[in-house]
$ cat data_29.cif   # mmCIF, C-alpha atoms and all ligand atoms
data_upload
#
loop_
_atom_site.group_PDB
_atom_site.id
_atom_site.type_symbol
_atom_site.label_atom_id
_atom_site.label_comp_id
_atom_site.auth_asym_id
_atom_site.auth_seq_id
_atom_site.Cartn_x
_atom_site.Cartn_y
_atom_site.Cartn_z
ATOM 1 C CA MET Q 8 37.547 -28.613 -134.252
ATOM 2 C CA GLU Q 9 38.599 -26.335 -131.413
ATOM 3 C CA ALA Q 10 36.334 -26.625 -128.365
ATOM 4 C CA ASP Q 11 34.032 -23.725 -127.480
ATOM 5 C CA THR Q 12 35.658 -23.416 -124.066
ATOM 6 C CA SER Q 13 39.033 -22.938 -125.691
ATOM 7 C CA LEU Q 14 37.658 -20.322 -128.111
ATOM 8 C CA LEU Q 15 36.032 -18.531 -125.185
ATOM 9 C CA ARG Q 16 39.327 -18.479 -123.320
ATOM 10 C CA ARG Q 17 41.022 -16.904 -126.333
ATOM 11 C CA LEU Q 18 38.153 -14.462 -126.752
ATOM 12 C CA ARG Q 19 38.443 -13.374 -123.136
ATOM 13 C CA GLY Q 20 42.123 -12.832 -123.806
ATOM 14 C CA GLY Q 21 41.200 -10.378 -126.578
ATOM 15 C CA ASP Q 22 41.742 -12.628 -129.595
ATOM 16 C CA GLU Q 23 39.660 -11.299 -132.510
ATOM 17 C CA GLN Q 24 40.151 -14.495 -134.511
ATOM 18 C CA ALA Q 25 38.402 -16.451 -131.760
ATOM 19 C CA PHE Q 26 35.342 -14.262 -132.291
ATOM 20 C CA ALA Q 27 35.492 -14.849 -136.051
ATOM 21 C CA ASP Q 28 35.680 -18.589 -135.400
ATOM 22 C CA LEU Q 29 32.624 -18.504 -133.128
ATOM 23 C CA VAL Q 30 30.735 -16.479 -135.725
ATOM 24 C CA ALA Q 31 31.636 -19.020 -138.390
ATOM 25 C CA ARG Q 32 30.422 -21.773 -136.096
ATOM 26 C CA TYR Q 33 27.113 -20.360 -134.876
ATOM 27 C CA ASN Q 34 25.971 -17.416 -136.942
ATOM 28 C CA SER Q 35 24.077 -19.458 -139.537
ATOM 29 C CA SER Q 36 22.124 -21.365 -136.925
ATOM 30 C CA MET Q 37 21.350 -18.157 -135.082
ATOM 31 C CA LEU Q 38 20.140 -16.455 -138.220
ATOM 32 C CA ARG Q 39 17.865 -19.343 -139.039
ATOM 33 C CA LEU Q 40 16.454 -19.359 -135.532
ATOM 34 C CA ALA Q 41 15.919 -15.588 -135.650
ATOM 35 C CA LEU Q 42 14.084 -15.949 -138.960
ATOM 36 C CA SER Q 43 11.639 -18.183 -137.216
ATOM 37 C CA PHE Q 44 10.614 -15.277 -134.953
ATOM 38 C CA VAL Q 45 10.771 -12.232 -137.174
ATOM 39 C CA SER Q 46 9.536 -11.906 -140.697
ATOM 40 C CA SER Q 47 12.307 -10.017 -142.439
ATOM 41 C CA ARG Q 48 15.869 -11.026 -143.077
ATOM 42 C CA ALA Q 49 17.106 -7.536 -142.149
ATOM 43 C CA VAL Q 50 15.414 -7.646 -138.744
ATOM 44 C CA ALA Q 51 16.686 -11.192 -138.189
ATOM 45 C CA GLU Q 52 20.254 -10.080 -138.899
ATOM 46 C CA GLU Q 53 19.794 -7.242 -136.434
ATOM 47 C CA VAL Q 54 18.605 -9.650 -133.750
ATOM 48 C CA VAL Q 55 21.627 -11.856 -134.413
ATOM 49 C CA GLN Q 56 24.014 -8.907 -134.149
ATOM 50 C CA ASP Q 57 22.365 -7.805 -130.903
ATOM 51 C CA THR Q 58 22.856 -11.328 -129.620
ATOM 52 C CA TRP Q 59 26.561 -11.343 -130.419
ATOM 53 C CA LEU Q 60 26.971 -8.004 -128.701
ATOM 54 C CA ALA Q 61 25.074 -9.224 -125.632
ATOM 55 C CA MET Q 62 27.288 -12.296 -125.638
ATOM 56 C CA LEU Q 63 30.463 -10.184 -125.726
ATOM 57 C CA ARG Q 64 29.159 -7.929 -122.985
ATOM 58 C CA GLY Q 65 28.177 -10.911 -120.865
ATOM 59 C CA LEU Q 66 31.395 -12.803 -121.447
ATOM 60 C CA ASP Q 67 32.637 -12.365 -117.890
ATOM 61 C CA ARG Q 68 29.350 -13.562 -116.424
ATOM 62 C CA PHE Q 69 29.054 -16.698 -118.528
ATOM 63 C CA GLU Q 70 29.876 -19.599 -116.254
ATOM 64 C CA GLU Q 71 29.843 -22.417 -118.758
ATOM 65 C CA ARG Q 72 27.286 -24.418 -116.835
ATOM 66 C CA SER Q 73 25.275 -24.549 -120.033
ATOM 67 C CA SER Q 74 26.839 -24.913 -123.444
ATOM 68 C CA LEU Q 75 27.808 -21.771 -125.312
ATOM 69 C CA ARG Q 76 25.332 -22.642 -128.035
ATOM 70 C CA THR Q 77 22.453 -22.926 -125.560
ATOM 71 C CA TRP Q 78 23.474 -19.622 -124.019
ATOM 72 C CA LEU Q 79 23.592 -17.887 -127.414
ATOM 73 C CA PHE Q 80 20.233 -19.339 -128.447
ATOM 74 C CA THR Q 81 18.654 -18.290 -125.150
ATOM 75 C CA ILE Q 82 19.836 -14.703 -125.554
ATOM 76 C CA LEU Q 83 18.666 -14.745 -129.140
ATOM 77 C CA VAL Q 84 15.183 -16.023 -128.357
ATOM 78 C CA ASN Q 85 14.742 -13.365 -125.678
ATOM 79 C CA ARG Q 86 15.837 -10.626 -128.067
ATOM 80 C CA ALA Q 87 13.759 -11.999 -130.894
ATOM 81 C CA ARG Q 88 10.659 -12.135 -128.735
ATOM 82 C CA THR Q 89 10.962 -8.520 -127.690
ATOM 83 C CA THR Q 90 11.507 -7.558 -131.331
ATOM 84 C CA GLY Q 91 9.253 -10.278 -132.668
ATOM 85 C CA VAL Q 92 6.770 -9.148 -135.241
ATOM 86 C CA ARG Q 93 5.523 -12.682 -135.572
ATOM 87 C CA GLU Q 94 5.519 -13.524 -131.900
ATOM 88 C CA ALA Q 95 3.216 -10.615 -131.125
ATOM 89 C CA ARG Q 96 0.447 -11.960 -133.305
ATOM 90 C CA SER Q 97 1.021 -15.631 -132.660
ATOM 91 C CA VAL Q 98 -0.272 -16.241 -129.186
ATOM 92 C CA PRO Q 99 -0.152 -20.038 -129.152
ATOM 93 C CA VAL Q 100 -3.222 -21.353 -130.862
ATOM 94 C CA ALA Q 101 -3.994 -24.861 -129.728
ATOM 95 C CA ASP Q 102 -3.243 -27.059 -132.686
ATOM 96 C CA ALA Q 103 -5.110 -30.232 -131.955
ATOM 97 C CA GLY Q 104 -4.829 -31.705 -135.430
ATOM 98 C CA PRO Q 105 -4.053 -35.436 -135.496
ATOM 99 C CA ALA Q 106 -0.629 -36.791 -136.463
ATOM 100 C CA VAL Q 107 -2.270 -38.636 -139.341
ATOM 101 C CA ASP Q 108 -5.568 -37.682 -140.956
ATOM 102 C CA ALA Q 109 -8.496 -39.572 -139.429
ATOM 103 C CA SER Q 110 -9.700 -40.638 -142.884
ATOM 104 C CA ARG Q 111 -6.768 -43.039 -143.085
ATOM 105 C CA PHE Q 112 -8.062 -45.201 -140.248
ATOM 106 C CA SER Q 113 -10.993 -47.561 -140.061
ATOM 107 C CA PRO Q 114 -13.643 -46.964 -137.361
ATOM 108 C CA SER Q 115 -11.773 -49.459 -135.125
ATOM 109 C CA GLY Q 116 -8.657 -47.277 -135.353
ATOM 110 C CA ALA Q 117 -6.644 -49.657 -137.546
ATOM 111 C CA TRP Q 118 -4.930 -48.393 -140.672
ATOM 112 C CA ALA Q 119 -7.287 -48.242 -143.669
ATOM 113 C CA VAL Q 120 -4.803 -46.399 -145.897
ATOM 114 C CA PRO Q 121 -1.463 -47.492 -144.444
ATOM 115 C CA PRO Q 122 1.779 -45.649 -145.097
ATOM 116 C CA ASP Q 123 3.631 -46.698 -148.239
ATOM 117 C CA HIS Q 124 7.196 -47.826 -147.909
ATOM 118 C CA TRP Q 125 9.723 -45.147 -148.846
ATOM 119 C CA VAL Q 126 12.186 -45.064 -145.989
ATOM 120 C CA GLU Q 127 15.332 -46.524 -147.543
ATOM 121 C CA GLU Q 128 14.456 -45.065 -150.905
ATOM 122 C CA ALA Q 129 14.033 -41.384 -150.127
ATOM 123 C CA GLU Q 130 17.508 -40.399 -151.144
ATOM 124 C CA ASN Q 131 17.501 -42.501 -154.290
ATOM 125 C CA ARG Q 132 14.241 -41.099 -155.523
ATOM 126 C CA VAL Q 133 14.795 -37.452 -154.736
ATOM 127 C CA ASP Q 134 18.179 -35.740 -154.563
ATOM 128 C CA ALA Q 135 19.401 -34.317 -151.278
ATOM 129 C CA ALA Q 136 18.999 -30.688 -152.291
ATOM 130 C CA LYS Q 137 15.371 -31.241 -153.233
ATOM 131 C CA LEU Q 138 14.636 -33.122 -150.005
ATOM 132 C CA SER Q 139 16.200 -30.276 -148.075
ATOM 133 C CA GLU Q 140 14.113 -27.758 -150.005
ATOM 134 C CA LEU Q 141 10.969 -29.797 -149.404
ATOM 135 C CA LEU Q 142 11.610 -29.951 -145.655
ATOM 136 C CA ARG Q 143 12.461 -26.258 -145.468
ATOM 137 C CA GLY Q 144 9.163 -25.509 -147.204
ATOM 138 C CA ALA Q 145 7.228 -27.795 -144.877
ATOM 139 C CA MET Q 146 8.923 -26.249 -141.849
ATOM 140 C CA SER Q 147 7.982 -22.758 -142.964
ATOM 141 C CA LEU Q 148 4.333 -23.837 -142.909
ATOM 142 C CA LEU Q 149 4.451 -25.072 -139.317
ATOM 143 C CA PRO Q 150 2.978 -22.896 -136.569
ATOM 144 C CA ASP Q 151 5.800 -20.804 -135.048
ATOM 145 C CA ARG Q 152 6.192 -22.758 -131.827
ATOM 146 C CA GLN Q 153 6.336 -26.095 -133.634
ATOM 147 C CA ARG Q 154 8.875 -24.767 -136.092
ATOM 148 C CA GLU Q 155 11.075 -23.434 -133.292
ATOM 149 C CA VAL Q 156 11.093 -26.751 -131.473
ATOM 150 C CA VAL Q 157 11.747 -28.806 -134.625
ATOM 151 C CA LEU Q 158 14.489 -26.402 -135.644
ATOM 152 C CA LEU Q 159 16.257 -26.622 -132.314
ATOM 153 C CA ARG Q 160 15.790 -30.349 -131.788
ATOM 154 C CA ASP Q 161 16.051 -31.877 -135.215
ATOM 155 C CA VAL Q 162 17.994 -29.353 -137.276
ATOM 156 C CA GLU Q 163 20.335 -28.041 -134.576
ATOM 157 C CA GLY Q 164 20.400 -31.205 -132.518
ATOM 158 C CA LEU Q 165 19.817 -29.687 -129.084
ATOM 159 C CA THR Q 166 18.632 -32.004 -126.308
ATOM 160 C CA SER Q 167 15.053 -31.700 -125.076
ATOM 161 C CA SER Q 168 16.164 -30.001 -121.863
ATOM 162 C CA GLU Q 169 18.239 -27.488 -123.822
ATOM 163 C CA VAL Q 170 15.227 -26.707 -126.001
ATOM 164 C CA CYS Q 171 13.046 -26.221 -122.928
ATOM 165 C CA HIS Q 172 15.654 -23.862 -121.498
ATOM 166 C CA VAL Q 173 16.068 -21.842 -124.696
ATOM 167 C CA LEU Q 174 12.344 -21.467 -125.366
ATOM 168 C CA ALA Q 175 11.281 -21.384 -121.717
ATOM 169 C CA ILE Q 176 8.697 -24.137 -122.125
ATOM 170 C CA SER Q 177 7.942 -27.315 -120.165
ATOM 171 C CA GLU Q 178 9.102 -30.783 -121.209
ATOM 172 C CA ALA Q 179 5.498 -31.828 -121.829
ATOM 173 C CA ASN Q 180 4.834 -28.791 -123.991
ATOM 174 C CA GLN Q 181 8.037 -29.410 -125.892
ATOM 175 C CA ARG Q 182 6.988 -32.971 -126.647
ATOM 176 C CA VAL Q 183 3.575 -31.920 -127.922
ATOM 177 C CA LEU Q 184 5.066 -29.270 -130.208
ATOM 178 C CA LEU Q 185 7.738 -31.659 -131.437
ATOM 179 C CA HIS Q 186 5.133 -34.326 -132.084
ATOM 180 C CA ARG Q 187 2.913 -32.048 -134.152
ATOM 181 C CA GLY Q 188 5.845 -30.645 -136.073
ATOM 182 C CA ARG Q 189 7.472 -33.975 -136.890
ATOM 183 C CA SER Q 190 4.143 -35.509 -137.876
ATOM 184 C CA LYS Q 191 3.600 -32.771 -140.442
ATOM 185 C CA LEU Q 192 7.111 -33.070 -141.827
ATOM 186 C CA ARG Q 193 6.609 -36.826 -142.206
ATOM 187 C CA GLN Q 194 3.378 -36.140 -144.025
ATOM 188 C CA ALA Q 195 5.158 -33.727 -146.363
ATOM 189 C CA LEU Q 196 7.765 -36.372 -147.162
ATOM 190 C CA GLU Q 197 5.108 -39.010 -147.699
ATOM 191 C CA SER Q 198 3.191 -36.761 -150.071
ATOM 192 C CA GLU Q 199 6.346 -36.395 -152.130
ATOM 193 C CA LEU Q 200 7.721 -39.923 -151.836
ATOM 194 C CA GLY Q 201 4.881 -42.286 -151.041
ATOM 195 C CA GLY Q 202 1.439 -42.777 -152.438
ATOM 196 C CA GLY Q 203 -0.481 -41.888 -149.276
ATOM 197 C CA GLN Q 204 -2.950 -39.035 -149.454
ATOM 198 C CA ARG Q 205 -3.084 -36.039 -147.127
ATOM 199 C CA MET C 20 -5.086 -63.608 -121.242
ATOM 200 C CA SER C 21 -4.017 -66.980 -122.520
ATOM 201 C CA LEU C 22 -1.713 -67.269 -125.475
ATOM 202 C CA PHE C 23 -4.396 -69.221 -127.285
ATOM 203 C CA SER C 24 -7.147 -66.610 -127.044
ATOM 204 C CA GLY C 25 -4.556 -63.952 -127.801
ATOM 205 C CA LEU C 26 -3.965 -65.587 -131.144
ATOM 206 C CA LEU C 27 -7.632 -65.783 -131.987
ATOM 207 C CA HIS C 28 -8.927 -62.463 -130.798
ATOM 208 C CA ARG C 29 -7.854 -58.910 -130.834
ATOM 209 C CA ARG C 30 -6.688 -58.318 -127.297
ATOM 210 C CA PRO C 31 -8.803 -55.748 -125.478
ATOM 211 C CA ARG C 32 -5.775 -53.845 -124.201
ATOM 212 C CA ASP C 33 -4.242 -53.507 -127.665
ATOM 213 C CA LEU C 34 -3.610 -49.998 -128.821
ATOM 214 C CA PRO C 35 -5.361 -49.010 -132.021
ATOM 215 C CA CYS C 36 -3.013 -47.795 -134.779
ATOM 216 C CA GLN C 37 -4.620 -44.366 -134.663
ATOM 217 C CA GLN C 38 -3.464 -44.028 -131.063
ATOM 218 C CA VAL C 39 -0.027 -45.475 -131.762
ATOM 219 C CA VAL C 40 0.810 -42.670 -134.184
ATOM 220 C CA GLU C 41 -0.081 -40.152 -131.480
ATOM 221 C CA ILE C 42 2.342 -41.539 -128.916
ATOM 222 C CA VAL C 43 5.285 -42.131 -131.245
ATOM 223 C CA THR C 44 7.068 -39.010 -130.013
ATOM 224 C CA ASP C 45 6.493 -39.859 -126.354
ATOM 225 C CA TYR C 46 7.959 -43.269 -127.157
ATOM 226 C CA LEU C 47 11.035 -41.816 -128.851
ATOM 227 C CA GLU C 48 11.444 -39.261 -126.056
ATOM 228 C CA GLY C 49 11.302 -41.959 -123.401
ATOM 229 C CA ALA C 50 8.207 -40.365 -121.888
ATOM 230 C CA LEU C 51 5.958 -43.456 -121.801
ATOM 231 C CA SER C 52 5.407 -45.375 -118.592
ATOM 232 C CA ALA C 53 6.801 -48.913 -118.528
ATOM 233 C CA GLY C 54 3.313 -50.322 -119.172
ATOM 234 C CA GLU C 55 2.570 -47.971 -122.053
ATOM 235 C CA ARG C 56 5.934 -48.742 -123.547
ATOM 236 C CA ARG C 57 5.244 -52.485 -123.409
ATOM 237 C CA ARG C 58 1.883 -52.027 -125.108
ATOM 238 C CA PHE C 59 3.465 -49.831 -127.749
ATOM 239 C CA GLU C 60 6.220 -52.331 -128.463
ATOM 240 C CA HIS C 61 3.784 -55.199 -128.436
ATOM 241 C CA HIS C 62 1.700 -53.412 -131.029
ATOM 242 C CA LEU C 63 4.733 -52.780 -133.222
ATOM 243 C CA ALA C 64 5.668 -56.439 -133.038
ATOM 244 C CA VAL C 65 2.369 -57.378 -134.667
ATOM 245 C CA CYS C 66 1.655 -54.349 -136.873
ATOM 246 C CA GLU C 67 3.819 -53.793 -139.935
ATOM 247 C CA HIS C 68 2.120 -50.492 -140.786
ATOM 248 C CA CYS C 69 2.905 -48.879 -137.465
ATOM 249 C CA THR C 70 6.431 -50.299 -137.685
ATOM 250 C CA GLU C 71 6.694 -48.588 -141.050
ATOM 251 C CA TYR C 72 5.254 -45.407 -139.571
ATOM 252 C CA LEU C 73 7.835 -45.359 -136.780
ATOM 253 C CA ALA C 74 10.608 -45.925 -139.332
ATOM 254 C CA GLN C 75 9.261 -42.967 -141.329
ATOM 255 C CA ILE C 76 9.289 -40.706 -138.300
ATOM 256 C CA ARG C 77 12.892 -41.736 -137.615
ATOM 257 C CA GLU C 78 13.785 -41.084 -141.252
ATOM 258 C CA THR C 79 12.033 -37.711 -141.088
ATOM 259 C CA ILE C 80 14.168 -36.785 -138.075
ATOM 260 C CA ARG C 81 17.321 -37.894 -139.869
ATOM 261 C CA LEU C 82 16.510 -35.975 -143.049
ATOM 262 C CA THR C 83 15.502 -32.876 -141.072
ATOM 263 C CA GLY C 84 18.912 -33.023 -139.406
ATOM 264 C CA ARG C 85 20.505 -32.555 -142.802
ATOM 265 C CA VAL C 86 18.620 -29.425 -143.758
ATOM 266 C CA THR C 87 21.279 -26.815 -144.328
ATOM 267 C CA THR C 88 21.234 -23.549 -142.421
ATOM 268 C CA GLU C 89 21.439 -20.000 -143.707
ATOM 269 C CA ASP C 90 24.721 -18.922 -145.191
ATOM 270 C CA LEU C 91 26.885 -16.407 -143.441
ATOM 271 C CA THR C 92 27.179 -13.644 -146.030
ATOM 272 C CA PRO C 93 30.409 -11.649 -146.423
ATOM 273 C CA GLU C 94 28.467 -8.492 -145.473
ATOM 274 C CA MET C 95 27.339 -10.000 -142.222
ATOM 275 C CA ARG C 96 30.845 -11.216 -141.489
ATOM 276 C CA THR C 97 32.134 -7.657 -141.988
ATOM 277 C CA ASP C 98 29.366 -6.184 -139.824
ATOM 278 C CA LEU C 99 30.265 -8.593 -137.039
ATOM 279 C CA THR C 100 33.966 -7.790 -137.247
ATOM 280 C CA ASP C 101 33.016 -4.105 -136.877
ATOM 281 C CA LEU C 102 30.760 -4.992 -133.978
ATOM 282 C CA TYR C 103 33.597 -6.816 -132.246
ATOM 283 C CA ARG C 104 35.947 -3.852 -132.688
ATOM 284 C CA ARG C 105 33.343 -1.416 -131.360
ATOM 285 C CA TRP C 106 32.848 -3.637 -128.338
ATOM 286 C CA ARG C 107 36.610 -3.728 -127.723
ATOM 287 C CA ALA C 108 36.661 0.056 -127.939
ATOM 288 C CA GLU C 109 33.903 0.235 -125.274
ATOM 289 C CA GLY C 110 36.647 -1.065 -123.009
HETATM 290 ZN ZN ZN J 301 -0.718 -50.440 -135.966
#
$ encode --input "data_29.cif" --output "structure tokens"
Amino acid sequence: MEADTSLLRRLRGGDEQAFADLVARYNSSMLRLALSFVSSRAVAEEVVQDTWLAMLRGLDRFEERSSLRTWLFTILVNRARTTGVREARSVPVADAGPAVDASRFSPSGAWAVPPDHWVEEAENRVDAAKLSELLRGAMSLLPDRQREVVLLRDVEGLTSSEVCHVLAISEANQRVLLHRGRSKLRQALESELGGGQR
Amino acid sequence: MSLFSGLLHRRPRDLPCQQVVEIVTDYLEGALSAGERRRFEHHLAVCEHCTEYLAQIRETIRLTGRVTTEDLTPEMRTDLTDLYRRWRAEG
């Protein structure tokens, strides 16, 4: 796969194919991220297009200290937040729910209803498409901030510092959001694959 | 704490499972202090359920990493080609 820096060099030289290659590489991720901020597909596509245009216009200023992907995501999040239908009504509500429901522990804090074993069996029991569907569904139920962090970290594979940069949040905040989000996704998988309740 | 009493009694500094599941992410993110990390790992060494829980969180991360992203539709591809050409025309 051609490196981003090489594609950028070609793009700066006026190569339209380089733009098409970057679109093929990043557009899907950008669209998904945009959908996490705005409620309609049409608005999300608009945000993504605005982002590409901002990227083209900023091409000369981009200094490649951060990765191209982080730069694109940062532009996108800023655009999405100014457009954001969702963002406007979702001032972060403290979500203090536990990682695992308290009813599953004894008063001493030890497991009373321990997790069933399903780890090596997930993909044998449920096909990949269904697992993907299940996780997408569970992600859509997460509070916005948690979904954004999980999306960037675990779906897109950004590092924690990249996520903090893109979303403009602290490392500690990022960890809390990631923790809540992952805990709920695990619970969703367990509900499907294991016997544990809630 | 002698080894002997450690075998017979629950050690007072042991983490309860309910707390272990709340610091799993800090553990994976390398955000625990050296002491907290030792207590966490000590707990895992003696608790199969929390070991299972950690494995499930790792599996959740792995499976989440395989969730496919939105498709790039032909319409969007065309729109973006137009956008590129308009930008070029801006000069
Ligand atoms: Zn335990």
$ closest_atom_pairs --input "data_29.cif" --of "chain C" --to "segment 58-71 of chain Q" --cutoff "10 Å" --atoms "only C-alpha atoms" --output "Markdown table"
| residue | atom | partner | partner_atom | distance |
| --- | --- | --- | --- | --- |
| C:Leu99 | CA | Q:Trp59 | CA | 8.1 |
| C:Leu102 | CA | Q:Leu60 | CA | 7.2 |
| C:Tyr103 | CA | Q:Leu60 | CA | 7.6 |
| C:Arg105 | CA | Q:Leu60 | CA | 9.5 |
| C:Trp106 | CA | Q:Leu60 | CA | 7.3 |
| C:Arg107 | CA | Q:Leu63 | CA | 9.1 |
| C:Glu109 | CA | Q:Arg64 | CA | 9.7 |
$ resolve_selection --input "data_29.cif" --expression "the PyMOL selection byres (((not hetatm)) within 8 of (chain J and resi 301))" --output "list in words"
Ala117 and Trp118 of chain Q; Leu34, Pro35, Cys36, Gln37, Val39, His62, Leu63, Val65, Cys66, Glu67, His68, Cys69 and Thr70 of chain C
$ write_last_selection --input "data_29.cif" --atoms "C-alpha atoms" --output "CSV table (one decimal), keeping the file's coordinate frame"
chain,number,residue,atom,x,y,z
Q,117,ALA,CA,-6.6,-49.7,-137.5
Q,118,TRP,CA,-4.9,-48.4,-140.7
C,34,LEU,CA,-3.6,-50.0,-128.8
C,35,PRO,CA,-5.4,-49.0,-132.0
C,36,CYS,CA,-3.0,-47.8,-134.8
C,37,GLN,CA,-4.6,-44.4,-134.7
C,39,VAL,CA,0.0,-45.5,-131.8
C,62,HIS,CA,1.7,-53.4,-131.0
C,63,LEU,CA,4.7,-52.8,-133.2
C,65,VAL,CA,2.4,-57.4,-134.7
C,66,CYS,CA,1.7,-54.3,-136.9
C,67,GLU,CA,3.8,-53.8,-139.9
C,68,HIS,CA,2.1,-50.5,-140.8
C,69,CYS,CA,2.9,-48.9,-137.5
C,70,THR,CA,6.4,-50.3,-137.7
$ residues_around --input "data_29.cif" --residues "Glu55 of chain C" --least-positions-apart "3" --cutoff "12 Å" --atoms "only C-alpha atoms" --output "ChimeraX atom specification"
/C:32-34,38-39,42-43,45-46,49-52,58-62
$ resolve_selection --input "data_29.cif" --expression "the PyMOL selection byres (((chain C and resi 84) around 9) and not hetatm)" --output "list in words"
Leu158, Arg160, Asp161, Val162, Glu163 and Gly164 of chain Q; Thr79, Ile80, Arg81, Leu82, Thr83, Arg85, Val86 and Thr87 of chain C
$ atom_distance --input "data_29.cif" --atom1 "atom CA of Arg111 of chain Q" --atom2 "atom CA of Gln75 of chain C"
16.1 Å
$ atom_distance --input "data_29.cif" --atom1 "atom CA of Glu178 of chain Q" --atom2 "atom CA of Thr88 of chain C"
25.5 Å
$ closest_atom_pairs --input "data_29.cif" --of "chain Q" --to "chain C" --cutoff "8 Å" --atoms "only C-alpha atoms" --output "tab-separated table"
residue	atom	partner	partner_atom	distance
Q:Glu23	CA	C:Tyr103	CA	7.5
Q:Phe26	CA	C:Tyr103	CA	7.6
Q:Ala27	CA	C:Thr100	CA	7.3
Q:Val30	CA	C:Arg96	CA	7.8
Q:Ala31	CA	C:Leu91	CA	7.4
Q:Asn34	CA	C:Leu91	CA	6.6
Q:Ser35	CA	C:Glu89	CA	5.0
Q:Ser36	CA	C:Thr88	CA	6.0
Q:Leu38	CA	C:Glu89	CA	6.7
Q:Arg39	CA	C:Glu89	CA	5.9
Q:Glu52	CA	C:Met95	CA	7.8
Q:Gln56	CA	C:Leu99	CA	6.9
Q:Leu60	CA	C:Leu102	CA	7.2
Q:Leu63	CA	C:Trp106	CA	7.4
Q:Arg64	CA	C:Trp106	CA	7.8
Q:Pro105	CA	C:Glu41	CA	7.4
Q:Ala106	CA	C:Glu41	CA	6.0
Q:Val107	CA	C:Val40	CA	7.2
Q:Ala109	CA	C:Gln37	CA	7.8
Q:Phe112	CA	C:Gln37	CA	6.6
Q:Ser115	CA	C:Pro35	CA	7.1
Q:Gly116	CA	C:Pro35	CA	5.0
Q:Ala117	CA	C:Cys36	CA	4.9
Q:Trp118	CA	C:Cys36	CA	6.2
Q:Pro121	CA	C:His68	CA	5.9
Q:Pro122	CA	C:His68	CA	6.5
Q:His124	CA	C:Glu71	CA	6.9
Q:Trp125	CA	C:Gln75	CA	7.8
Q:Val126	CA	C:Gln75	CA	5.9
Q:Leu138	CA	C:Leu82	CA	7.7
Q:Ser139	CA	C:Val86	CA	5.0
Q:Glu140	CA	C:Val86	CA	7.9
Q:Leu142	CA	C:Thr83	CA	6.7
Q:Arg143	CA	C:Val86	CA	7.1
Q:Asp161	CA	C:Gly84	CA	5.2
Q:Val162	CA	C:Gly84	CA	4.3
Q:Glu163	CA	C:Gly84	CA	7.1
Q:Gly164	CA	C:Gly84	CA	7.3
Q:Arg182	CA	C:Asp45	CA	6.9
Q:Leu185	CA	C:Thr44	CA	7.5
Q:His186	CA	C:Thr44	CA	5.5
Q:Arg189	CA	C:Ile76	CA	7.1
Q:Ser190	CA	C:Ile76	CA	7.3
Q:Leu192	CA	C:Thr79	CA	6.8
Q:Arg193	CA	C:Thr79	CA	5.6
Q:Leu196	CA	C:Thr79	CA	7.5
$ residues_near_point --input "data_29.cif" --point "(40.1, -18.4, -131.5)" --cutoff "7 Å" --atoms "all atoms listed in the file" --output "PDB file with C-alpha atoms, in the frame of the given file"
ATOM      1  CA  LEU Q  14      37.658 -20.322-128.111  1.00  0.00           C
ATOM      2  CA  ARG Q  17      41.022 -16.904-126.333  1.00  0.00           C
ATOM      3  CA  LEU Q  18      38.153 -14.462-126.752  1.00  0.00           C
ATOM      4  CA  ASP Q  22      41.742 -12.628-129.595  1.00  0.00           C
ATOM      5  CA  GLN Q  24      40.151 -14.495-134.511  1.00  0.00           C
ATOM      6  CA  ALA Q  25      38.402 -16.451-131.760  1.00  0.00           C
ATOM      7  CA  PHE Q  26      35.342 -14.262-132.291  1.00  0.00           C
ATOM      8  CA  ASP Q  28      35.680 -18.589-135.400  1.00  0.00           C
TER       9      ASP Q  28
END
$ atom_distance --input "data_29.cif" --atom1 "atom CA of Gly201 of chain Q" --atom2 "atom CA of Asp123 of chain Q"
5.4 Å
$ closest_residue --input "data_29.cif" --among "Q:Leu165, Q:Leu200, Q:Leu15, Q:Leu159" --to "Val133 of chain Q" --atoms "all atoms listed in the file"
Q:Leu200
$ closest_residue --input "data_29.cif" --among "Q:Ser74, Q:Ser147, Q:Thr89, Q:Ser47" --to "Gly188 of chain Q" --atoms "only C-alpha atoms"
Q:Ser147
$ resolve_selection --input "data_29.cif" --expression "the PyMOL selection byres (((chain Q and resi 173) around 12) and not hetatm)" --output "PyMOL selection string"
chain Q and resi 40+73-88+155-156+158-160+165-172+174-178+181
$ decode --input "data_29.cif" --residues "segment 72-78 of chain Q" --atoms "N, CA and C atoms" --output "PDB file, in the first residue's frame"
ATOM      1  N   ARG Q  72       3.332  16.493  10.973  1.00  0.00           N
ATOM      2  CA  ARG Q  72       3.785  16.126  12.322  1.00  0.00           C
ATOM      3  C   ARG Q  72       2.836  15.095  12.903  1.00  0.00           C
ATOM      4  N   SER Q  73       1.542  15.241  12.578  1.00  0.00           N
ATOM      5  CA  SER Q  73       0.601  14.188  12.947  1.00  0.00           C
ATOM      6  C   SER Q  73       0.337  13.368  11.692  1.00  0.00           C
ATOM      7  N   SER Q  74      -0.323  12.230  11.867  1.00  0.00           N
ATOM      8  CA  SER Q  74      -0.616  11.428  10.685  1.00  0.00           C
ATOM      9  C   SER Q  74      -1.747  12.095   9.909  1.00  0.00           C
ATOM     10  N   LEU Q  75      -1.817  11.796   8.638  1.00  0.00           N
ATOM     11  CA  LEU Q  75      -2.878  12.348   7.799  1.00  0.00           C
ATOM     12  C   LEU Q  75      -4.252  11.972   8.355  1.00  0.00           C
ATOM     13  N   ARG Q  76      -4.365  10.716   8.784  1.00  0.00           N
ATOM     14  CA  ARG Q  76      -5.638  10.249   9.309  1.00  0.00           C
ATOM     15  C   ARG Q  76      -6.070  11.065  10.522  1.00  0.00           C
ATOM     16  N   THR Q  77      -5.134  11.303  11.446  1.00  0.00           N
ATOM     17  CA  THR Q  77      -5.456  12.099  12.632  1.00  0.00           C
ATOM     18  C   THR Q  77      -5.871  13.512  12.235  1.00  0.00           C
ATOM     19  N   TRP Q  78      -5.174  14.054  11.264  1.00  0.00           N
ATOM     20  CA  TRP Q  78      -5.502  15.399  10.778  1.00  0.00           C
ATOM     21  C   TRP Q  78      -6.921  15.430  10.200  1.00  0.00           C
TER      22      TRP Q  78
END
